[in-house]
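J.: Please see the structure below; I have some questions.
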Amino acid sequence: METKQHILLCEDDESLGMLLREYLQAKGYEAELYLDGEAGYKAFATSHFDMCVLDVMMPKKDGFTLAQEIRAMNADVPIIFLTAKNLKEDIFEGFRIGADDYLTKPFSMDELVFRMEAILRRVKGPKVQNATQYVLGKFVFDTQRQILFFGNEQEKLTTKESELLGLLCAHANDVLLRELALKTIWIDDNYFNARSMDVYITKLRKHLKADPSLEINNVHGRGYKLIVPNGVIAKE
């Protein structure tokens with residue numbers, strides 16, 4: 001029998017928290033609800049969780065502080081923030097701390113579950129981000145030499161192009177969040193770096209146009225998706 005995914009749910013609105021817990025349990029998750037950040041911290045320190053869903057504004061310990069303390073204990077566990085705030089500064093702060101996603105209230109519980117499933121598929125699936133070579137469609141991408149091969153042709157990529165294509169390959173057929181790419185490659189997610197990344201996305205589209213089955217799509221408000229119909233083969 002498949003083991004249920006164990007979810008740490010921290011939400012100070014008890015009514016909403018109970019609804020979320022019941023909904024997650026109905027969807028096959030094992031969810032534990034805590035009403036403040038301090039209780040959530042104690043639970044995480046003494047149990048194993050596959051994902052954390054954290055409200056930002058909580059008594060005793062806010063969600064950002066709790067996330068930082070969780071990251072100090074476990075750098076890899078996925079974290080989703082729930083918040084009534086929609087200021088870009090707060091969203092960027094959440095991603096800077098290490099959030100995998102961010103939902104602004106009010107939100108659809110179905111959407112929360114879809115986002116959870118996408119993140120869990122990514123983190124529980126094959127670890128391809130350390131690959132030295134990717135096969136995508138008719139291309140072979142050598143991440144070490146930063147060369148993109150197409151049959152007998154080869155094209156040398158810049159460092160930024162190579163890093164960005166590597167991230168897209170690691171998230172192939174899934175959304176690569178803009179904030180994640182900016183934080184990983186450009187360090188700072190300011191306006192000018194965001195525009196710079198758009199330019200590199202355009203360059204990568206030109207590099208890949210020889211294989212019409214490949215696409216890099218904009219996902220409005222979230223990031224980019226590299227479409228590879230037959231999936232990416234990663235070689236370490």
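Residue numbering restarts at 1 in every chain; chains get A, B, ... in the order shown in the structure tokens, and ligands count up from 1 in that same order.
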Just the residues within 8 Å of region 13-26 of chain A, please, counting only C-alpha atoms, with nothing from its chain fewer than 4 positions along; format it as a short mmCIF file (atom, residue, chain, number, x, y, z; two decimals) with N, CA and C atoms, in the first residue's frame.

T.:
```
data_model
loop_
_atom_site.label_atom_id
_atom_site.label_comp_id
_atom_site.auth_asym_id
_atom_site.auth_seq_id
_atom_site.Cartn_x
_atom_site.Cartn_y
_atom_site.Cartn_z
N LEU A 9 0.53 21.53 8.21
CA LEU A 9 -0.35 22.64 7.87
C LEU A 9 -0.41 23.60 9.06
N GLU A 30 -2.01 12.85 4.57
CA GLU A 30 -2.07 12.85 6.02
C GLU A 30 -1.66 14.24 6.48
N ALA A 31 -2.62 15.04 6.95
CA ALA A 31 -2.36 16.44 7.28
C ALA A 31 -2.51 16.69 8.78
N GLU A 32 -1.54 17.40 9.34
CA GLU A 32 -1.60 17.81 10.74
C GLU A 32 -1.72 19.33 10.80
N LEU A 33 -2.71 19.82 11.56
CA LEU A 33 -2.98 21.24 11.66
C LEU A 33 -2.43 21.82 12.96
N LEU A 35 -2.03 25.82 14.91
CA LEU A 35 -2.63 27.15 14.83
C LEU A 35 -1.65 28.28 15.06
N MET A 109 -9.13 25.59 -3.05
CA MET A 109 -8.47 24.43 -2.46
C MET A 109 -8.01 23.44 -3.53
N VAL A 113 -4.13 21.97 -4.06
CA VAL A 113 -3.77 20.56 -4.23
C VAL A 113 -3.03 20.35 -5.54
#
```

J.: Could you make a table, as JSON lines, of the residues of region 144-192 of chain A that have an atom within 6 Å of an atom of region 221-228 of chain A, each with its nearest atom pair and distance in Å to one decimal, counting only C-alpha atoms, in chain and number order?

T.:
```
{"residue": "A:Leu168", "atom": "CA", "partner": "A:Leu226", "partner_atom": "CA", "distance": 5.9}
{"residue": "A:Ala172", "atom": "CA", "partner": "A:Leu226", "partner_atom": "CA", "distance": 5.2}
{"residue": "A:Asn173", "atom": "CA", "partner": "A:Ile227", "partner_atom": "CA", "distance": 5.0}
{"residue": "A:Asp174", "atom": "CA", "partner": "A:Lys225", "partner_atom": "CA", "distance": 5.7}
{"residue": "A:Val175", "atom": "CA", "partner": "A:Lys225", "partner_atom": "CA", "distance": 4.7}
{"residue": "A:Leu176", "atom": "CA", "partner": "A:Tyr224", "partner_atom": "CA", "distance": 5.3}
{"residue": "A:Leu177", "atom": "CA", "partner": "A:Gly223", "partner_atom": "CA", "distance": 4.5}
{"residue": "A:Arg178", "atom": "CA", "partner": "A:Gly223", "partner_atom": "CA", "distance": 4.5}
```

J.: Store the residues picked out above in a file with N, CA and C atoms, as a JSON list (two decimals), in the first residue's frame.

T.:
```json
[["chain", "number", "residue", "atom", "x", "y", "z"],
["A", 168, "LEU", "N", 15.60, 24.83, -17.11],
["A", 168, "LEU", "CA", 14.41, 24.47, -17.88],
["A", 168, "LEU", "C", 14.35, 22.96, -18.12],
["A", 172, "ALA", "N", 11.51, 20.25, -17.02],
["A", 172, "ALA", "CA", 10.84, 20.04, -18.30],
["A", 172, "ALA", "C", 9.39, 19.59, -18.11],
["A", 173, "ASN", "N", 8.50, 20.19, -18.91],
["A", 173, "ASN", "CA", 7.07, 19.91, -18.88],
["A", 173, "ASN", "C", 6.42, 20.32, -17.55],
["A", 174, "ASP", "N", 7.12, 21.11, -16.78],
["A", 174, "ASP", "CA", 6.58, 21.69, -15.56],
["A", 174, "ASP", "C", 6.96, 23.17, -15.55],
["A", 175, "VAL", "N", 6.38, 23.95, -14.66],
["A", 175, "VAL", "CA", 6.65, 25.38, -14.64],
["A", 175, "VAL", "C", 7.95, 25.67, -13.89],
["A", 176, "LEU", "N", 8.85, 26.39, -14.55],
["A", 176, "LEU", "CA", 10.03, 26.94, -13.88],
["A", 176, "LEU", "C", 9.64, 28.32, -13.39],
["A", 177, "LEU", "N", 9.54, 28.49, -12.08],
["A", 177, "LEU", "CA", 9.13, 29.78, -11.53],
["A", 177, "LEU", "C", 10.16, 30.86, -11.83],
["A", 178, "ARG", "N", 9.67, 32.04, -12.22],
["A", 178, "ARG", "CA", 10.57, 33.15, -12.51],
["A", 178, "ARG", "C", 11.47, 33.46, -11.33]]
```

J.: Based on DSSP run over this structure's backbone, return all residues of chain A in alpha helix (DSSP H), as a PyMOL selection string.

T.: chain A and resi 14-26+37-46+63-73+88-97+109-124+159-170+178-181+191-208

J.: Please compute the CA of Lys183 (chain A)-CA of Ala170 (chain A) distance, one decimal, in Å.

T.: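 Computed distance, CA of Lys183 (chain A) to CA of Ala170 (chain A), equals 15.7 Å.
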
J.: Point out the residue among A:Val232, A:Leu165, A:Asn152, A:Ser213 with the least atom-to-atom distance to Ile201 (chain A), counting only C-alpha atoms.

T.: A:Leu165
